file work-v1.csv (CSV, N, CA and C atoms)
chain,number,residue,atom,x,y,z
J,1,MET,N,22.3,94.7,14.6
J,1,MET,CA,22.1,96.1,15.1
J,1,MET,C,20.6,96.5,14.9
J,2,SER,N,20.0,97.0,16.0
J,2,SER,CA,18.6,97.4,15.9
J,2,SER,C,18.5,98.8,15.2
J,3,GLU,N,17.4,98.9,14.5
J,3,GLU,CA,17.1,100.2,13.9
J,3,GLU,C,16.5,101.2,14.9
J,4,GLN,N,17.0,102.4,14.8
J,4,GLN,CA,16.4,103.4,15.7
J,4,GLN,C,15.1,103.9,15.1
J,5,LYS,N,14.0,103.9,15.9
J,5,LYS,CA,12.7,104.3,15.5
J,5,LYS,C,12.7,105.9,15.4
J,6,ILE,N,12.3,106.3,14.2
J,6,ILE,CA,12.3,107.8,14.0
J,6,ILE,C,10.9,108.3,14.4
J,7,PRO,N,10.9,109.3,15.3
J,7,PRO,CA,9.6,109.8,15.7
J,7,PRO,C,9.0,110.7,14.7
J,8,ASN,N,7.7,111.0,14.7
J,8,ASN,CA,7.1,111.9,13.8
J,8,ASN,C,7.2,113.3,14.5
J,9,ALA,N,6.8,114.4,13.7
J,9,ALA,CA,6.9,115.7,14.2
J,9,ALA,C,6.1,116.0,15.5
J,10,GLU,N,4.9,115.4,15.6
J,10,GLU,CA,4.1,115.6,16.8
J,10,GLU,C,4.8,115.0,18.0
J,11,GLN,N,5.4,113.8,17.8
J,11,GLN,CA,6.2,113.2,18.9
J,11,GLN,C,7.4,114.0,19.3
J,12,VAL,N,8.1,114.6,18.3
J,12,VAL,CA,9.3,115.4,18.6
J,12,VAL,C,8.9,116.6,19.4
J,13,LEU,N,7.8,117.3,19.0
J,13,LEU,CA,7.4,118.5,19.7
J,13,LEU,C,7.0,118.1,21.1
J,14,SER,N,6.3,117.0,21.3
J,14,SER,CA,5.9,116.6,22.6
J,14,SER,C,7.1,116.3,23.5
J,15,MET,N,8.1,115.6,22.9
J,15,MET,CA,9.3,115.4,23.7
J,15,MET,C,10.1,116.7,24.1
J,16,MET,N,10.1,117.6,23.1
J,16,MET,CA,10.8,118.9,23.3
J,16,MET,C,10.1,119.7,24.4
J,17,THR,N,8.8,119.7,24.4
J,17,THR,CA,8.0,120.4,25.4
J,17,THR,C,8.2,119.8,26.8
J,18,ALA,N,8.2,118.4,26.8
J,18,ALA,CA,8.4,117.8,28.1
J,18,ALA,C,9.8,118.1,28.7
J,19,ARG,N,10.8,118.1,27.8
J,19,ARG,CA,12.2,118.3,28.2
J,19,ARG,C,12.5,119.8,28.6
J,20,MET,N,12.0,120.7,27.8
J,20,MET,CA,12.4,122.1,27.9
J,20,MET,C,11.4,123.0,28.6
J,21,GLY,N,10.1,122.5,28.7
J,21,GLY,CA,9.1,123.3,29.4
J,21,GLY,C,9.0,124.7,28.8
J,22,ASP,N,9.0,125.7,29.7
J,22,ASP,CA,8.8,127.1,29.3
J,22,ASP,C,10.1,127.7,28.6
J,23,ALA,N,11.2,126.9,28.6
J,23,ALA,CA,12.4,127.3,27.9
J,23,ALA,C,12.3,127.0,26.4
J,24,LEU,N,11.3,126.2,26.0
J,24,LEU,CA,11.1,125.9,24.6
J,24,LEU,C,10.9,127.1,23.7
J,25,PRO,N,11.7,127.3,22.7
J,25,PRO,CA,11.5,128.5,21.8
J,25,PRO,C,10.3,128.3,21.0
J,26,ALA,N,9.9,129.3,20.2
J,26,ALA,CA,8.7,129.2,19.4
J,26,ALA,C,8.9,128.4,18.1
J,27,TRP,N,10.1,128.4,17.6
J,27,TRP,CA,10.3,127.8,16.3
J,27,TRP,C,9.9,126.3,16.1
J,28,PRO,N,10.0,125.4,17.2
J,28,PRO,CA,9.6,124.0,16.9
J,28,PRO,C,8.2,123.9,16.5
J,29,ALA,N,7.3,124.6,17.2
J,29,ALA,CA,5.8,124.5,16.9
J,29,ALA,C,5.6,125.1,15.5
J,30,LYS,N,6.3,126.1,15.1
J,30,LYS,CA,6.1,126.7,13.8
J,30,LYS,C,6.6,125.7,12.7
J,31,LEU,N,7.8,125.1,13.0
J,31,LEU,CA,8.4,124.2,12.1
J,31,LEU,C,7.5,123.0,11.9
J,32,LYS,N,6.9,122.5,13.0
J,32,LYS,CA,6.0,121.3,12.9
J,32,LYS,C,4.9,121.5,11.9
J,33,GLU,N,4.4,122.8,11.8
J,33,GLU,CA,3.3,123.1,10.9
J,33,GLU,C,3.9,123.3,9.4
J,34,LEU,N,5.0,124.0,9.3
J,34,LEU,CA,5.5,124.3,8.0
J,34,LEU,C,6.4,123.3,7.3
J,35,ALA,N,7.2,122.7,8.2
J,35,ALA,CA,8.2,121.7,7.6
J,35,ALA,C,8.5,120.6,8.7
J,36,PRO,N,7.5,119.7,8.9
J,36,PRO,CA,7.7,118.7,9.9
J,36,PRO,C,8.9,117.8,9.7
J,37,ASP,N,9.3,117.6,8.5
J,37,ASP,CA,10.5,116.8,8.2
J,37,ASP,C,11.7,117.5,8.7
J,38,LEU,N,11.8,118.8,8.7
J,38,LEU,CA,12.9,119.5,9.2
J,38,LEU,C,13.0,119.5,10.7
J,39,LEU,N,11.8,119.5,11.3
J,39,LEU,CA,11.8,119.4,12.8
J,39,LEU,C,12.3,118.0,13.2
J,40,VAL,N,11.9,117.0,12.5
J,40,VAL,CA,12.3,115.6,12.9
J,40,VAL,C,13.8,115.5,12.6
J,41,ALA,N,14.3,116.1,11.5
J,41,ALA,CA,15.8,116.0,11.2
J,41,ALA,C,16.6,116.7,12.2
J,42,THR,N,16.1,117.8,12.7
J,42,THR,CA,16.8,118.6,13.8
J,42,THR,C,16.8,117.8,15.1
J,43,ALA,N,15.7,117.1,15.4
J,43,ALA,CA,15.7,116.3,16.6
J,43,ALA,C,16.7,115.1,16.5
J,44,MET,N,16.7,114.5,15.3
J,44,MET,CA,17.6,113.4,15.1
J,44,MET,C,19.1,113.9,15.2
J,45,SER,N,19.4,115.1,14.7
J,45,SER,CA,20.7,115.6,14.8
J,45,SER,C,21.1,115.8,16.3
J,46,SER,N,20.1,116.4,17.1
J,46,SER,CA,20.3,116.5,18.5
J,46,SER,C,20.6,115.2,19.2
J,47,ALA,N,19.8,114.2,18.8
J,47,ALA,CA,20.0,112.9,19.4
J,47,ALA,C,21.3,112.3,19.1
J,48,GLN,N,21.9,112.7,18.0
J,48,GLN,CA,23.2,112.1,17.6
J,48,GLN,C,24.4,113.0,18.1
J,49,SER,N,24.1,114.1,18.8
J,49,SER,CA,25.2,115.0,19.2
J,49,SER,C,25.1,115.2,20.7
J,50,VAL,N,24.4,116.3,21.1
J,50,VAL,CA,24.3,116.6,22.6
J,50,VAL,C,23.5,115.5,23.3
J,51,GLY,N,22.6,114.9,22.7
J,51,GLY,CA,21.8,113.9,23.4
J,51,GLY,C,22.2,112.5,23.2
J,52,ARG,N,23.4,112.3,22.6
J,52,ARG,CA,23.9,110.9,22.3
J,52,ARG,C,24.3,110.2,23.6
J,53,GLU,N,23.5,109.2,24.0
J,53,GLU,CA,23.8,108.5,25.2
J,53,GLU,C,25.1,107.7,25.2
J,54,SER,N,25.5,107.3,24.0
J,54,SER,CA,26.7,106.5,24.0
J,54,SER,C,28.0,107.3,23.8
J,55,SER,N,27.9,108.6,23.9
J,55,SER,CA,29.0,109.5,23.9
J,55,SER,C,30.0,109.2,24.9
J,56,THR,N,31.3,109.5,24.6
J,56,THR,CA,32.3,109.3,25.6
J,56,THR,C,32.4,110.5,26.5
J,57,VAL,N,31.7,111.6,26.2
J,57,VAL,CA,31.7,112.8,27.0
J,57,VAL,C,30.4,112.7,27.9
J,58,PRO,N,30.6,112.9,29.2
J,58,PRO,CA,29.5,112.8,30.1
J,58,PRO,C,28.4,113.8,29.8
J,59,ALA,N,27.2,113.5,30.0
J,59,ALA,CA,26.0,114.3,29.7
J,59,ALA,C,26.1,115.7,30.2
J,60,LYS,N,26.5,115.9,31.4
J,60,LYS,CA,26.5,117.3,31.9
J,60,LYS,C,27.6,118.1,31.2
J,61,HIS,N,28.7,117.5,30.7
J,61,HIS,CA,29.7,118.2,30.0
J,61,HIS,C,29.2,118.5,28.6
J,62,ARG,N,28.4,117.6,28.0
J,62,ARG,CA,27.9,117.8,26.6
J,62,ARG,C,26.9,119.0,26.7
J,63,TYR,N,26.1,119.1,27.7
J,63,TYR,CA,25.2,120.2,27.9
J,63,TYR,C,25.9,121.5,28.2
J,64,LEU,N,26.9,121.5,29.0
J,64,LEU,CA,27.7,122.7,29.3
J,64,LEU,C,28.4,123.2,28.0
J,65,ILE,N,28.9,122.3,27.2
J,65,ILE,CA,29.5,122.7,25.9
J,65,ILE,C,28.4,123.4,25.0
J,66,ALA,N,27.2,122.8,25.0
J,66,ALA,CA,26.1,123.3,24.3
J,66,ALA,C,25.7,124.7,24.8
J,67,VAL,N,25.8,124.9,26.1
J,67,VAL,CA,25.5,126.3,26.6
J,67,VAL,C,26.4,127.3,26.0
J,68,GLY,N,27.7,127.0,26.0
J,68,GLY,CA,28.7,127.9,25.5
J,68,GLY,C,28.5,128.1,24.0
J,69,ALA,N,28.2,127.1,23.2
J,69,ALA,CA,28.0,127.2,21.8
J,69,ALA,C,26.8,128.0,21.5
J,70,ALA,N,25.7,127.8,22.2
J,70,ALA,CA,24.5,128.6,22.0
J,70,ALA,C,24.7,130.0,22.3
J,71,LEU,N,25.4,130.3,23.4
J,71,LEU,CA,25.7,131.7,23.7
J,71,LEU,C,26.5,132.4,22.7
J,72,GLY,N,27.5,131.6,22.2
J,72,GLY,CA,28.4,132.2,21.1
J,72,GLY,C,27.6,132.5,19.9
J,73,ARG,N,26.5,131.8,19.6
J,73,ARG,CA,25.7,132.0,18.4
J,73,ARG,C,24.6,133.0,18.7
J,74,GLY,N,24.5,133.5,20.0
J,74,GLY,CA,23.4,134.4,20.3
J,74,GLY,C,22.1,133.8,20.4
J,75,GLN,N,22.0,132.5,20.8
J,75,GLN,CA,20.7,131.8,20.9
J,75,GLN,C,20.3,131.6,22.3
J,76,GLU,N,19.7,132.7,22.8
J,76,GLU,CA,19.3,132.7,24.2
J,76,GLU,C,18.4,131.6,24.7
J,77,SER,N,17.4,131.3,23.9
J,77,SER,CA,16.5,130.2,24.3
J,77,SER,C,17.2,128.8,24.3
J,78,CYS,N,18.0,128.6,23.4
J,78,CYS,CA,18.8,127.4,23.3
J,78,CYS,C,19.7,127.3,24.5
J,79,ALA,N,20.4,128.4,24.8
J,79,ALA,CA,21.3,128.4,25.9
J,79,ALA,C,20.6,128.1,27.2
J,80,ARG,N,19.4,128.6,27.4
J,80,ARG,CA,18.6,128.4,28.6
J,80,ARG,C,18.2,127.0,28.7
J,81,SER,N,17.7,126.4,27.6
J,81,SER,CA,17.3,125.0,27.6
J,81,SER,C,18.5,124.0,27.9
J,82,GLN,N,19.6,124.3,27.3
J,82,GLN,CA,20.8,123.5,27.5
J,82,GLN,C,21.3,123.7,28.9
J,83,ALA,N,21.2,124.9,29.5
J,83,ALA,CA,21.6,125.1,30.9
J,83,ALA,C,20.7,124.2,31.8
J,84,ARG,N,19.4,124.2,31.6
J,84,ARG,CA,18.5,123.4,32.4
J,84,ARG,C,18.8,121.9,32.2
J,85,ALA,N,19.2,121.5,31.0
J,85,ALA,CA,19.5,120.1,30.8
J,85,ALA,C,20.8,119.8,31.6
J,86,ALA,N,21.8,120.7,31.6
J,86,ALA,CA,23.0,120.5,32.3
J,86,ALA,C,22.8,120.4,33.8
J,87,LEU,N,21.9,121.2,34.3
J,87,LEU,CA,21.6,121.2,35.7
J,87,LEU,C,20.9,119.8,36.1
J,88,ALA,N,20.0,119.4,35.2
J,88,ALA,CA,19.3,118.1,35.4
J,88,ALA,C,20.3,117.0,35.3
J,89,ALA,N,21.4,117.1,34.5
J,89,ALA,CA,22.4,116.1,34.4
J,89,ALA,C,23.4,116.1,35.5
J,90,GLY,N,23.3,117.0,36.4
J,90,GLY,CA,24.2,117.0,37.6
J,90,GLY,C,25.1,118.2,37.6
J,91,ALA,N,25.1,119.1,36.7
J,91,ALA,CA,26.0,120.3,36.7
J,91,ALA,C,25.5,121.2,37.8
J,92,SER,N,26.4,121.9,38.4
J,92,SER,CA,26.1,122.9,39.4
J,92,SER,C,25.9,124.2,38.7
J,93,VAL,N,25.2,125.1,39.5
J,93,VAL,CA,25.0,126.5,39.0
J,93,VAL,C,26.4,127.1,38.6
J,94,GLU,N,27.4,126.9,39.5
J,94,GLU,CA,28.7,127.4,39.3
J,94,GLU,C,29.3,126.9,37.9
J,95,GLU,N,29.1,125.6,37.6
J,95,GLU,CA,29.6,125.1,36.3
J,95,GLU,C,28.9,125.7,35.2
J,96,VAL,N,27.6,126.0,35.3
J,96,VAL,CA,26.9,126.7,34.2
J,96,VAL,C,27.5,128.1,34.0
J,97,VAL,N,27.7,128.8,35.2
J,97,VAL,CA,28.3,130.1,35.1
J,97,VAL,C,29.7,130.1,34.5
J,98,ASP,N,30.5,129.1,34.8
J,98,ASP,CA,31.8,128.9,34.2
J,98,ASP,C,31.7,128.7,32.7
J,99,ALA,N,30.7,128.0,32.2
J,99,ALA,CA,30.5,127.8,30.8
J,99,ALA,C,30.2,129.2,30.2
J,100,ILE,N,29.4,130.0,30.9
J,100,ILE,CA,29.1,131.4,30.4
J,100,ILE,C,30.4,132.2,30.3
J,101,ARG,N,31.3,132.1,31.4
J,101,ARG,CA,32.5,132.8,31.4
J,101,ARG,C,33.4,132.4,30.2
J,102,ILE,N,33.5,131.1,29.9
J,102,ILE,CA,34.3,130.6,28.8
J,102,ILE,C,33.7,131.1,27.5
J,103,ALA,N,32.4,131.1,27.3
J,103,ALA,CA,31.8,131.6,26.1
J,103,ALA,C,32.1,133.1,25.9
J,104,ARG,N,32.0,133.8,27.0
J,104,ARG,CA,32.3,135.2,26.9
J,104,ARG,C,33.7,135.5,26.4
J,105,HIS,N,34.7,134.7,27.0
J,105,HIS,CA,36.1,134.8,26.6
J,105,HIS,C,36.3,134.5,25.1
J,106,MET,N,35.6,133.4,24.7
J,106,MET,CA,35.8,133.0,23.3
J,106,MET,C,35.2,134.0,22.4
J,107,ALA,N,34.1,134.6,22.7
J,107,ALA,CA,33.5,135.7,21.9
J,107,ALA,C,34.5,136.9,21.8
J,108,ALA,N,35.0,137.3,23.0
J,108,ALA,CA,36.0,138.4,23.0
J,108,ALA,C,37.2,138.1,22.2
J,109,SER,N,37.7,136.9,22.3
J,109,SER,CA,38.9,136.5,21.5
J,109,SER,C,38.6,136.5,20.0
J,110,GLY,N,37.4,136.1,19.7
J,110,GLY,CA,37.0,136.2,18.3
J,110,GLY,C,37.0,137.6,17.7
J,111,VAL,N,36.6,138.6,18.5
J,111,VAL,CA,36.7,139.9,18.0
J,111,VAL,C,38.1,140.3,17.8
J,112,LEU,N,39.0,140.0,18.7
J,112,LEU,CA,40.4,140.3,18.5
J,112,LEU,C,41.0,139.5,17.3
J,113,ASP,N,40.6,138.3,17.1
J,113,ASP,CA,41.1,137.6,16.0
J,113,ASP,C,40.7,138.2,14.7
J,114,THR,N,39.4,138.7,14.7
J,114,THR,CA,38.9,139.3,13.5
J,114,THR,C,39.6,140.7,13.2
J,115,ALA,N,40.1,141.3,14.3
J,115,ALA,CA,40.8,142.6,14.2
J,115,ALA,C,42.2,142.5,13.8
J,116,THR,N,42.8,141.3,13.7
J,116,THR,CA,44.2,141.1,13.4
J,116,THR,C,44.7,141.9,12.3
J,117,SER,N,44.1,141.9,11.1
J,117,SER,CA,44.5,142.6,10.0
J,117,SER,C,44.5,144.1,10.2
J,118,LEU,N,43.4,144.6,10.9
J,118,LEU,CA,43.3,146.0,11.2
J,118,LEU,C,44.4,146.4,12.1
J,119,LEU,N,44.6,145.6,13.2
J,119,LEU,CA,45.7,146.0,14.1
J,119,LEU,C,47.0,146.1,13.4
J,120,GLY,N,47.3,145.2,12.4
J,120,GLY,CA,48.5,145.2,11.6
J,120,GLY,C,48.6,146.5,10.8
J,121,GLU,N,47.5,146.9,10.2
J,121,GLU,CA,47.5,148.1,9.4
J,121,GLU,C,47.7,149.3,10.3
J,122,LEU,N,47.1,149.4,11.5
J,122,LEU,CA,47.3,150.5,12.4
J,122,LEU,C,48.7,150.6,12.9
J,123,ARG,N,49.3,149.5,13.1
J,123,ARG,CA,50.7,149.5,13.5
J,123,ARG,C,51.6,150.1,12.5
J,124,LYS,N,51.4,149.8,11.2
J,124,LYS,CA,52.2,150.3,10.1
J,124,LYS,C,51.9,151.8,9.9
J,125,GLY,N,50.7,152.2,10.2
J,125,GLY,CA,50.3,153.6,9.9
J,125,GLY,C,50.9,154.6,10.7

call {"tool": "encode", "arguments": {"input": "work-v1.csv", "output": "structure tokens"}}
result
Amino acid sequence: MSEQKIPNAEQVLSMMTARMGDALPAWPAKLKELAPDLLVATAMSSAQSVGRESSTVPAKHRYLIAVGAALGRGQESCARSQARAALAAGASVEEVVDAIRIARHMAASGVLDTATSLLGELRKG
């Protein structure tokens, strides 16, 4: 088994800039200066998840999942860059919009799930 070459922080930032363009958030450049090891670790995590080429989940689906997850976490720049990656991987605009619809539904369901105890108390009252 060949060892994966680990890029340095400068290489990671360069790859992120090339892939995300103007959708690149500000934090990678700041992290490169303050904690380059954390930037590299973050990139390696991405390479082993959404960017994992040997995944059984097709690339466009991985990116669409990432769009929904980013939106659910309130990460606008991440959602934007993942949407662009999904489009580049063959997703349609309609598929990205559907991912947004699903994320919206999951967020709303989360509110209702969180309100379960309160709803129970109100019913008793």

call {"tool": "residues_around", "arguments": {"input": "work-v1.csv", "residues": "Asp22 (chain J)", "least_positions_apart": "4", "cutoff": "8 Å", "atoms": "only N, CA and C atoms", "output": "PDB file with N, CA and C atoms, keeping the file's coordinate frame"}}
result
ATOM      1  N   THR J  17       8.800 119.700  24.400  1.00  0.00           N
ATOM      2  CA  THR J  17       8.000 120.400  25.400  1.00  0.00           C
ATOM      3  C   THR J  17       8.200 119.800  26.800  1.00  0.00           C
ATOM      4  N   ALA J  18       8.200 118.400  26.800  1.00  0.00           N
ATOM      5  CA  ALA J  18       8.400 117.800  28.100  1.00  0.00           C
ATOM      6  C   ALA J  18       9.800 118.100  28.700  1.00  0.00           C
ATOM      7  N   SER J  81      17.700 126.400  27.600  1.00  0.00           N
ATOM      8  CA  SER J  81      17.300 125.000  27.600  1.00  0.00           C
ATOM      9  C   SER J  81      18.500 124.000  27.900  1.00  0.00           C
TER      10      SER J  81
END

call {"tool": "closest_residue", "arguments": {"input": "work-v1.csv", "among": "J:Gln48, J:Gly90, J:Leu34, J:Ala103", "to": "Gly68 (chain J)", "atoms": "only C-alpha atoms"}}
result
J:Ala103

call {"tool": "residues_around", "arguments": {"input": "work-v1.csv", "residues": "Arg19 (chain J)", "least_positions_apart": "5", "cutoff": "10 Å", "atoms": "only C-alpha atoms", "output": "NGL selection string"}}
result
:J and (13-14 or 24 or 81 or 84-85)

call {"tool": "closest_residue", "arguments": {"input": "work-v1.csv", "among": "J:Val93, J:Cys78, J:Val111, J:Val12", "to": "Pro25 (chain J)", "atoms": "only N, CA and C atoms"}}
result
J:Cys78

call {"tool": "closest_residue", "arguments": {"input": "work-v1.csv", "among": "J:Ala43, J:Ala91, J:Glu33, J:Ile6", "to": "Pro58 (chain J)", "atoms": "only C-alpha atoms"}}
result
J:Ala91

call {"tool": "residues_around", "arguments": {"input": "work-v1.csv", "residues": "Val67 (chain J)", "least_positions_apart": "2", "cutoff": "6 Å", "atoms": "only C-alpha atoms", "output": "number ranges by chain"}}
result
J: 64-65, 69-70, 79, 82-83

call {"tool": "select_by_dssp", "arguments": {"input": "work-v1.csv", "residues": "region 34-115 of chain J", "states": "helix (DSSP H, G or I)", "output": "PyMOL selection string"}}
result
chain J and resi 34+36-47+59-72+76-88+93-114

call {"tool": "atom_distance", "arguments": {"input": "work-v1.csv", "atom1": "atom N of Leu38 (chain J)", "atom2": "atom C of Gly51 (chain J)"}}
result
18.9 Å

call {"tool": "atom_distance", "arguments": {"input": "work-v1.csv", "atom1": "atom N of Ala35 (chain J)", "atom2": "atom N of Pro7 (chain J)"}}
result
15.6 Å

call {"tool": "atom_distance", "arguments": {"input": "work-v1.csv", "atom1": "CA of Asp98 (chain J)", "atom2": "CA of Ala59 (chain J)"}}
result
16.3 Å

call {"tool": "closest_residue", "arguments": {"input": "work-v1.csv", "among": "J:Met20, J:Val97, J:Ala108, J:Ala89", "to": "His61 (chain J)", "atoms": "only C-alpha atoms"}}
result
J:Ala89

call {"tool": "decode", "arguments": {"input": "work-v1.csv", "residues": "region 27-120 of chain J", "atoms": "C-alpha atoms", "output": "compact mmCIF listing (two decimals), in the first residue's frame"}}
result
# COMPACT_ATOMS: atom_id res chain seq x y z
CA TRP J 27 -10.70 31.15 7.70
CA PRO J 28 -8.25 28.98 5.69
CA ALA J 29 -5.85 31.87 5.08
CA LYS J 30 -6.05 32.90 8.72
CA LEU J 31 -5.56 29.31 9.86
CA LYS J 32 -2.54 28.94 7.57
CA GLU J 33 -0.84 31.73 9.49
CA LEU J 34 -1.99 30.84 13.02
CA ALA J 35 -2.22 27.04 12.99
CA PRO J 36 -0.99 25.52 9.74
CA ASP J 37 -1.18 22.01 11.19
CA LEU J 38 -4.91 22.47 11.81
CA LEU J 39 -5.44 23.62 8.21
CA VAL J 40 -3.64 20.51 6.94
CA ALA J 41 -5.62 18.25 9.31
CA THR J 42 -8.87 19.82 8.10
CA ALA J 43 -7.89 19.20 4.49
CA MET J 44 -6.99 15.61 5.24
CA SER J 45 -10.37 15.12 6.92
CA SER J 46 -12.08 16.51 3.83
CA ALA J 47 -10.03 14.21 1.60
CA GLN J 48 -11.19 11.23 3.64
CA SER J 49 -14.87 12.22 3.63
CA VAL J 50 -16.54 14.36 0.98
CA GLY J 51 -13.46 14.25 -1.25
CA ARG J 52 -12.78 10.51 -0.89
CA GLU J 53 -12.46 9.20 -4.43
CA SER J 54 -12.85 5.55 -3.37
CA SER J 55 -16.21 6.26 -1.71
CA THR J 56 -19.15 4.08 -2.71
CA VAL J 57 -21.25 7.26 -2.80
CA PRO J 58 -20.93 9.11 -6.13
CA ALA J 59 -19.16 12.48 -5.95
CA LYS J 60 -22.19 14.60 -6.82
CA HIS J 61 -24.16 12.90 -4.05
CA ARG J 62 -21.37 13.43 -1.51
CA TYR J 63 -21.34 17.13 -2.37
CA LEU J 64 -25.13 17.39 -2.20
CA ILE J 65 -25.05 15.78 1.25
CA ALA J 66 -22.39 18.30 2.22
CA VAL J 67 -24.59 21.17 0.99
CA GLY J 68 -27.38 20.04 3.30
CA ALA J 69 -25.05 19.49 6.24
CA ALA J 70 -23.42 22.90 5.81
CA LEU J 71 -26.79 24.64 5.59
CA GLY J 72 -27.96 22.80 8.69
CA ARG J 73 -24.92 24.14 10.54
CA GLY J 74 -25.44 27.66 9.21
CA GLN J 75 -22.21 27.63 7.20
CA GLU J 76 -23.06 29.73 4.17
CA SER J 77 -19.61 29.81 2.55
CA CYS J 78 -19.20 26.06 3.00
CA ALA J 79 -22.64 25.40 1.49
CA ARG J 80 -21.74 27.64 -1.47
CA SER J 81 -18.43 25.88 -2.14
CA GLN J 82 -20.02 22.43 -1.79
CA ALA J 83 -22.84 23.44 -4.16
CA ARG J 84 -20.26 24.53 -6.73
CA ALA J 85 -18.46 21.22 -6.29
CA ALA J 86 -21.76 19.35 -6.72
CA LEU J 87 -22.47 21.23 -9.95
CA ALA J 88 -18.95 20.52 -11.19
CA ALA J 89 -19.48 16.83 -10.36
CA GLY J 90 -22.59 16.72 -12.55
CA ALA J 91 -25.42 17.76 -10.22
CA SER J 92 -28.12 19.93 -11.71
CA VAL J 93 -29.32 23.21 -10.26
CA GLU J 94 -32.56 21.41 -9.41
CA GLU J 95 -30.65 18.80 -7.41
CA VAL J 96 -28.88 21.50 -5.41
CA VAL J 97 -32.23 23.17 -4.75
CA ASP J 98 -33.64 19.81 -3.62
CA ALA J 99 -30.72 19.47 -1.19
CA ILE J 100 -31.68 22.91 0.15
CA ARG J 101 -35.31 21.78 0.50
CA ILE J 102 -34.23 18.69 2.43
CA ALA J 103 -31.95 20.73 4.70
CA ARG J 104 -34.80 23.13 5.40
CA HIS J 105 -37.11 20.25 6.27
CA MET J 106 -34.53 18.69 8.59
CA ALA J 107 -33.96 22.00 10.36
CA ALA J 108 -37.70 22.48 10.87
CA SER J 109 -38.05 18.91 12.10
CA GLY J 110 -35.24 19.58 14.56
CA VAL J 111 -37.17 22.48 16.04
CA LEU J 112 -40.22 20.26 16.51
CA ASP J 113 -38.12 17.48 18.01
CA THR J 114 -36.58 19.95 20.45
CA ALA J 115 -40.08 21.16 21.37
CA THR J 116 -41.35 17.66 22.24
CA SER J 117 -41.11 18.13 26.01
CA LEU J 118 -42.65 21.57 25.84
CA LEU J 119 -45.51 20.28 23.69
CA GLY J 120 -46.11 17.54 26.25
